[in-house]
$ cat my_file.cif   # mmCIF, C-alpha atoms
data_data
#
loop_
_atom_site.label_atom_id
_atom_site.label_comp_id
_atom_site.auth_asym_id
_atom_site.auth_seq_id
_atom_site.Cartn_x
_atom_site.Cartn_y
_atom_site.Cartn_z
CA MET A 1 -25.61 3.27 -3.39
CA LYS A 2 -23.88 5.69 -5.75
CA ASP A 3 -22.18 7.41 -2.79
CA MET A 4 -20.92 4.06 -1.50
CA LYS A 5 -18.83 3.49 -4.64
CA SER A 6 -16.06 5.65 -3.21
CA PHE A 7 -15.56 3.08 -0.44
CA ASP A 8 -14.60 0.51 -3.09
CA GLU A 9 -11.74 2.62 -4.39
CA PRO A 10 -8.30 1.78 -3.01
CA MET A 11 -6.46 4.22 -0.79
CA PRO A 12 -3.21 5.66 -2.15
CA ALA A 13 -0.17 3.75 -0.94
CA VAL A 14 3.53 4.19 -0.30
CA GLY A 15 5.83 1.33 -1.12
CA ILE A 16 8.57 -0.23 -3.18
CA PHE A 17 8.57 -1.88 -6.57
CA TRP A 18 10.70 -3.73 -9.09
CA TYR A 19 10.09 -3.31 -12.82
CA ASP A 20 10.54 -6.03 -15.47
CA PRO A 21 11.40 -4.34 -18.79
CA GLU A 22 10.65 -7.52 -20.78
CA GLU A 23 7.16 -8.00 -19.30
CA HIS A 24 6.47 -4.25 -19.04
CA ASP A 25 5.07 -4.80 -15.55
CA PHE A 26 6.13 -4.76 -11.93
CA PHE A 27 7.26 -8.16 -10.66
CA GLY A 28 7.34 -7.12 -7.06
CA VAL A 29 5.24 -4.60 -5.18
CA TYR A 30 5.16 -4.05 -1.45
CA LYS A 31 2.92 -1.30 -0.22
CA LYS A 32 1.12 0.23 2.72
CA GLU A 33 -2.02 2.32 2.35
CA LEU A 34 -1.64 5.95 3.35
CA THR A 35 -4.65 7.37 5.17
CA PRO A 36 -5.36 11.04 5.95
CA LYS A 37 -5.09 10.13 9.65
CA MET A 38 -1.55 8.79 9.13
CA VAL A 39 -0.52 12.02 7.38
CA GLU A 40 -2.06 14.16 10.13
CA GLU A 41 -0.41 12.14 12.92
CA SER A 42 2.97 12.26 11.18
CA LEU A 43 2.81 16.02 10.72
CA GLN A 44 1.84 16.47 14.38
CA LYS A 45 5.01 14.54 15.30
CA GLY A 46 7.10 16.68 12.92
CA ILE A 47 7.60 13.81 10.46
CA THR A 48 7.23 15.10 6.92
CA ASN A 49 8.21 11.96 4.98
CA ILE A 50 6.27 8.67 5.03
CA GLU A 51 7.77 5.59 3.39
CA TYR A 52 7.17 1.88 3.30
CA PRO A 53 8.75 0.59 6.52
CA GLU A 54 10.93 -2.14 5.00
CA PRO A 55 14.21 -1.55 3.19
CA LEU A 56 14.35 -2.04 -0.56
CA HIS A 57 16.67 -4.71 -1.91
CA ARG A 58 17.82 -2.76 -4.90
CA HIS A 59 17.64 -4.10 -8.40
CA PRO A 60 18.62 -2.33 -11.65
CA PHE A 61 14.94 -1.43 -12.20
CA SER A 62 13.63 -0.62 -8.74
CA GLY A 63 11.94 2.37 -7.15
CA ARG A 64 10.19 3.76 -4.09
CA VAL A 65 6.90 5.59 -3.65
CA SER A 66 6.99 8.07 -0.74
CA TRP A 67 4.82 10.82 0.71
CA ASN A 68 6.51 14.12 1.50
CA ILE A 69 4.53 16.91 3.18
CA ASP A 70 1.91 17.40 0.46
CA ARG A 71 2.81 15.16 -2.47
CA PHE A 72 3.69 11.66 -3.55
CA ILE A 73 7.18 11.23 -4.95
CA VAL A 74 8.35 8.23 -6.98
CA PHE A 75 12.11 7.79 -6.64
CA VAL A 76 13.72 6.05 -9.64
CA GLY A 77 16.95 6.08 -11.59
CA GLN A 78 17.68 7.47 -15.01
CA TRP A 79 16.53 4.10 -16.42
CA ALA A 80 12.94 5.30 -16.00
CA LYS A 81 13.13 8.51 -18.03
CA ASP A 82 12.07 6.90 -21.31
CA LYS A 83 9.43 4.80 -19.54
CA GLU A 84 7.52 7.56 -17.73
CA GLU A 85 4.20 6.97 -19.52
CA GLU A 86 4.32 3.21 -18.92
CA LEU A 87 5.46 3.61 -15.31
CA THR A 88 2.75 6.20 -14.65
CA ALA A 89 0.08 3.66 -15.65
CA LEU A 90 1.68 0.93 -13.50
CA ILE A 91 2.03 3.23 -10.49
CA ASP A 92 -1.61 4.21 -10.85
CA LYS A 93 -2.61 0.53 -11.08
CA TYR A 94 -0.58 -0.68 -8.09
CA PHE A 95 -0.41 2.37 -5.82
CA ALA A 96 -3.63 4.29 -6.67
CA LEU A 97 -1.91 7.68 -6.49
CA PRO A 98 -4.07 10.70 -7.33
CA TYR A 99 -0.95 12.65 -8.35
CA PHE A 100 2.81 12.28 -8.02
CA GLU A 101 6.12 13.44 -9.40
CA PHE A 102 9.10 11.41 -10.54
CA ARG A 103 12.38 12.21 -8.84
CA TYR A 104 15.48 10.87 -10.56
CA ASP A 105 18.49 10.09 -8.40
CA GLU A 106 21.75 8.26 -9.14
CA HIS A 107 21.08 6.21 -5.99
CA TRP A 108 18.49 4.28 -8.06
CA ASP A 109 20.79 3.65 -11.04
CA LEU A 110 22.21 0.38 -9.76
CA GLY A 111 23.66 -1.44 -12.74
CA HIS A 112 23.18 1.62 -14.96
CA GLY A 113 26.43 3.48 -14.48
CA TRP A 114 26.00 4.22 -10.77
CA SER A 115 29.38 3.80 -9.08
CA GLY A 116 28.63 4.42 -5.41
CA ASP A 117 29.09 1.94 -2.60
CA LEU A 118 26.14 -0.12 -1.46
#

$ encode --input "my_file.cif" --output "structure tokens"
Amino acid sequence: MKDMKSFDEPMPAVGIFWYDPEEHDFFGVYKKELTPKMVEESLQKGITNIEYPEPLHRHPFSGRVSWNIDRFIVFVGQWAKDKEEELTALIDKYFALPYFEFRYDEHWDLGHGWSGDL
């Protein structure tokens, strides 16, 4: 029975999220579990990046969890820099990632000084 416990653990997932700074929680999470078979099949097809298949309707506090070759990447704006510890716990809770890195990009700074076209 001890060996069966691993089957209860969630698979890591890619997806999109929206963060509520007042509630200190995500108020929207859409995700898709990422299995080893999906990674293997993608690499065989020459696809190195796996993302949630739906577009993200951006919000000033939004982000995306992606898989790229051998790591999970969480794309966020500069708004997240002072919230890394809190966001790390939320990403673990909602996406079950064993490891990941934050990648900051002005594309995710909607409403925070980003001046590009949508």

$ closest_residue --input "my_file.cif" --among "A:Tyr52, A:Trp79, A:Phe61, A:Phe100" --to "Tyr19 in chain A" --atoms "all atoms listed in the file"
A:Phe61

$ closest_residue --input "my_file.cif" --among "A:Asp25, A:Glu51, A:Glu9, A:Glu33" --to "Ile73 in chain A" --atoms "all atoms listed in the file"
A:Glu51

$ atom_distance --input "my_file.cif" --atom1 "CA of Thr88 in chain A" --atom2 "CA of Glu22 in chain A"
17.0 Å

$ resolve_selection --input "my_file.cif" --expression "the PyMOL selection byres ((chain A and resi 29) around 7)" --output "MDAnalysis selection string"
chainID A and resid 16:18 26:28 30:31

$ residues_around --input "my_file.cif" --residues "Arg58 in chain A" --least-positions-apart "3" --cutoff "9 Å" --atoms "only C-alpha atoms" --output "MDAnalysis selection string"
chainID A and resid 18 55 61:63 108 110

$ closest_residue --input "my_file.cif" --among "A:Leu34, A:Pro60, A:Pro21, A:Leu43" --to "Val76 in chain A" --atoms "all atoms listed in the file"
A:Pro60

$ axis_aligned_box --input "my_file.cif" --around "range 68-72 of chain A" --padding-each-side "4 Å" --output "JSON"
{"center_x": 4.2, "center_y": 14.5, "center_z": -0.2, "size_x": 12.6, "size_y": 13.7, "size_z": 14.7}

$ resolve_selection --input "my_file.cif" --expression "the PyMOL selection byres ((chain A and resi 94) around 10)" --output "ChimeraX atom specification"
/A:10,12-13,15,17,26,29-31,89-93,95-97

$ write_last_selection --input "my_file.cif" --atoms "C-alpha atoms" --output "PDB file, in the coordinates of the input"
ATOM      1  CA  PRO A  10      -8.300   1.780  -3.010  1.00  0.00           C
ATOM      2  CA  PRO A  12      -3.210   5.660  -2.150  1.00  0.00           C
ATOM      3  CA  ALA A  13      -0.170   3.750  -0.940  1.00  0.00           C
ATOM      4  CA  GLY A  15       5.830   1.330  -1.120  1.00  0.00           C
ATOM      5  CA  PHE A  17       8.570  -1.880  -6.570  1.00  0.00           C
ATOM      6  CA  PHE A  26       6.130  -4.760 -11.930  1.00  0.00           C
ATOM      7  CA  VAL A  29       5.240  -4.600  -5.180  1.00  0.00           C
ATOM      8  CA  TYR A  30       5.160  -4.050  -1.450  1.00  0.00           C
ATOM      9  CA  LYS A  31       2.920  -1.300  -0.220  1.00  0.00           C
ATOM     10  CA  ALA A  89       0.080   3.660 -15.650  1.00  0.00           C
ATOM     11  CA  LEU A  90       1.680   0.930 -13.500  1.00  0.00           C
ATOM     12  CA  ILE A  91       2.030   3.230 -10.490  1.00  0.00           C
ATOM     13  CA  ASP A  92      -1.610   4.210 -10.850  1.00  0.00           C
ATOM     14  CA  LYS A  93      -2.610   0.530 -11.080  1.00  0.00           C
ATOM     15  CA  PHE A  95      -0.410   2.370  -5.820  1.00  0.00           C
ATOM     16  CA  ALA A  96      -3.630   4.290  -6.670  1.00  0.00           C
ATOM     17  CA  LEU A  97      -1.910   7.680  -6.490  1.00  0.00           C
TER      18      LEU A  97
END

$ atom_distance --input "my_file.cif" --atom1 "CA of Asp109 in chain A" --atom2 "CA of Lys81 in chain A"
11.5 Å

$ atom_distance --input "my_file.cif" --atom1 "CA of Glu106 in chain A" --atom2 "CA of Lys83 in chain A"
16.5 Å

$ closest_residue --input "my_file.cif" --among "A:Met11, A:Tyr104, A:His24, A:Ile69" --to "Glu40 in chain A" --atoms "only C-alpha atoms"
A:Ile69

$ closest_residue --input "my_file.cif" --among "A:Val74, A:Glu86, A:Ala80, A:Gln44" --to "Tyr99 in chain A" --atoms "only C-alpha atoms"
A:Val74

$ closest_residue --input "my_file.cif" --among "A:Glu85, A:Gly77, A:Asp105, A:Glu23" --to "His59 in chain A" --atoms "only C-alpha atoms"
A:Gly77

$ decode --input "my_file.cif" --residues "range 52-94 of chain A" --atoms "N, CA and C atoms" --output "short mmCIF file (atom, residue, chain, number, x, y, z; two decimals), in the first residue's frame"
data_model
loop_
_atom_site.label_atom_id
_atom_site.label_comp_id
_atom_site.auth_asym_id
_atom_site.auth_seq_id
_atom_site.Cartn_x
_atom_site.Cartn_y
_atom_site.Cartn_z
N TYR A 52 -0.34 25.23 -22.24
CA TYR A 52 -1.78 25.03 -22.17
C TYR A 52 -2.35 25.48 -23.52
N PRO A 53 -3.26 24.70 -24.09
CA PRO A 53 -3.68 24.97 -25.48
C PRO A 53 -4.54 26.20 -25.70
N GLU A 54 -5.08 26.80 -24.66
CA GLU A 54 -5.95 27.96 -24.85
C GLU A 54 -5.17 29.25 -24.63
N PRO A 55 -5.57 30.32 -25.32
CA PRO A 55 -4.89 31.60 -25.10
C PRO A 55 -5.24 32.16 -23.73
N LEU A 56 -4.37 32.99 -23.22
CA LEU A 56 -4.56 33.63 -21.93
C LEU A 56 -5.14 35.02 -22.15
N HIS A 57 -6.27 35.30 -21.52
CA HIS A 57 -6.81 36.65 -21.53
C HIS A 57 -6.05 37.39 -20.45
N ARG A 58 -5.16 38.25 -20.87
CA ARG A 58 -4.23 38.86 -19.92
C ARG A 58 -4.91 39.80 -18.94
N HIS A 59 -4.34 39.85 -17.80
CA HIS A 59 -4.80 40.61 -16.65
C HIS A 59 -3.51 41.18 -16.04
N PRO A 60 -3.58 42.28 -15.29
CA PRO A 60 -2.34 42.82 -14.72
C PRO A 60 -1.53 41.83 -13.88
N PHE A 61 -2.16 40.79 -13.36
CA PHE A 61 -1.45 39.81 -12.53
C PHE A 61 -1.69 38.41 -13.08
N SER A 62 -1.25 38.18 -14.30
CA SER A 62 -1.45 36.86 -14.91
C SER A 62 -0.10 36.22 -15.22
N GLY A 63 -0.14 34.92 -15.54
CA GLY A 63 1.08 34.22 -15.88
C GLY A 63 0.80 32.91 -16.58
N ARG A 64 1.85 32.28 -17.06
CA ARG A 64 1.73 31.02 -17.81
C ARG A 64 2.80 30.06 -17.32
N VAL A 65 2.39 28.80 -17.15
CA VAL A 65 3.32 27.73 -16.80
C VAL A 65 3.54 26.89 -18.05
N SER A 66 4.78 26.77 -18.50
CA SER A 66 5.13 26.03 -19.72
C SER A 66 6.22 25.01 -19.42
N TRP A 67 6.34 24.06 -20.32
CA TRP A 67 7.43 23.08 -20.28
C TRP A 67 8.30 23.38 -21.49
N ASN A 68 9.62 23.44 -21.27
CA ASN A 68 10.53 23.70 -22.37
C ASN A 68 11.73 22.77 -22.27
N ILE A 69 11.79 21.79 -23.11
CA ILE A 69 12.84 20.79 -23.25
C ILE A 69 13.06 19.96 -21.97
N ASP A 70 13.52 20.58 -20.90
CA ASP A 70 13.82 19.81 -19.70
C ASP A 70 13.46 20.55 -18.42
N ARG A 71 12.62 21.57 -18.51
CA ARG A 71 12.28 22.34 -17.31
C ARG A 71 10.92 23.01 -17.45
N PHE A 72 10.34 23.30 -16.31
CA PHE A 72 9.13 24.10 -16.26
C PHE A 72 9.54 25.56 -16.13
N ILE A 73 8.85 26.43 -16.84
CA ILE A 73 9.11 27.85 -16.80
C ILE A 73 7.79 28.55 -16.47
N VAL A 74 7.82 29.48 -15.53
CA VAL A 74 6.66 30.26 -15.18
C VAL A 74 6.91 31.68 -15.69
N PHE A 75 6.14 32.07 -16.71
CA PHE A 75 6.27 33.39 -17.31
C PHE A 75 5.39 34.37 -16.56
N VAL A 76 5.98 35.44 -16.06
CA VAL A 76 5.26 36.48 -15.32
C VAL A 76 5.92 37.83 -15.63
N GLY A 77 5.25 38.88 -15.19
CA GLY A 77 5.81 40.22 -15.33
C GLY A 77 6.61 40.62 -14.11
N GLN A 78 7.13 41.82 -14.17
CA GLN A 78 7.91 42.35 -13.06
C GLN A 78 7.09 42.43 -11.77
N TRP A 79 5.78 42.45 -11.89
CA TRP A 79 4.89 42.51 -10.72
C TRP A 79 5.16 41.37 -9.75
N ALA A 80 5.70 40.26 -10.25
CA ALA A 80 5.87 39.05 -9.43
C ALA A 80 7.18 39.01 -8.66
N LYS A 81 8.10 39.89 -8.97
CA LYS A 81 9.44 39.80 -8.36
C LYS A 81 9.40 39.82 -6.84
N ASP A 82 8.58 40.67 -6.24
CA ASP A 82 8.53 40.73 -4.79
C ASP A 82 7.56 39.72 -4.18
N LYS A 83 6.99 38.87 -5.03
CA LYS A 83 6.03 37.87 -4.57
C LYS A 83 6.50 36.44 -4.85
N GLU A 84 7.77 36.27 -5.17
CA GLU A 84 8.27 34.95 -5.58
C GLU A 84 7.97 33.85 -4.57
N GLU A 85 8.20 34.11 -3.29
CA GLU A 85 7.98 33.07 -2.28
C GLU A 85 6.50 32.67 -2.23
N GLU A 86 5.62 33.65 -2.23
CA GLU A 86 4.18 33.38 -2.21
C GLU A 86 3.74 32.67 -3.49
N LEU A 87 4.20 33.14 -4.63
CA LEU A 87 3.84 32.52 -5.91
C LEU A 87 4.38 31.10 -6.02
N THR A 88 5.57 30.86 -5.49
CA THR A 88 6.14 29.52 -5.51
C THR A 88 5.22 28.54 -4.79
N ALA A 89 4.71 28.93 -3.62
CA ALA A 89 3.79 28.07 -2.87
C ALA A 89 2.49 27.84 -3.64
N LEU A 90 1.96 28.89 -4.28
CA LEU A 90 0.72 28.74 -5.04
C LEU A 90 0.92 27.88 -6.28
N ILE A 91 2.04 28.06 -6.95
CA ILE A 91 2.32 27.25 -8.14
C ILE A 91 2.48 25.79 -7.76
N ASP A 92 3.13 25.54 -6.64
CA ASP A 92 3.25 24.16 -6.15
C ASP A 92 1.87 23.58 -5.85
N LYS A 93 1.02 24.37 -5.19
CA LYS A 93 -0.33 23.92 -4.82
C LYS A 93 -1.18 23.61 -6.05
N TYR A 94 -1.19 24.50 -7.03
CA TYR A 94 -2.09 24.36 -8.17
C TYR A 94 -1.51 23.56 -9.35
#
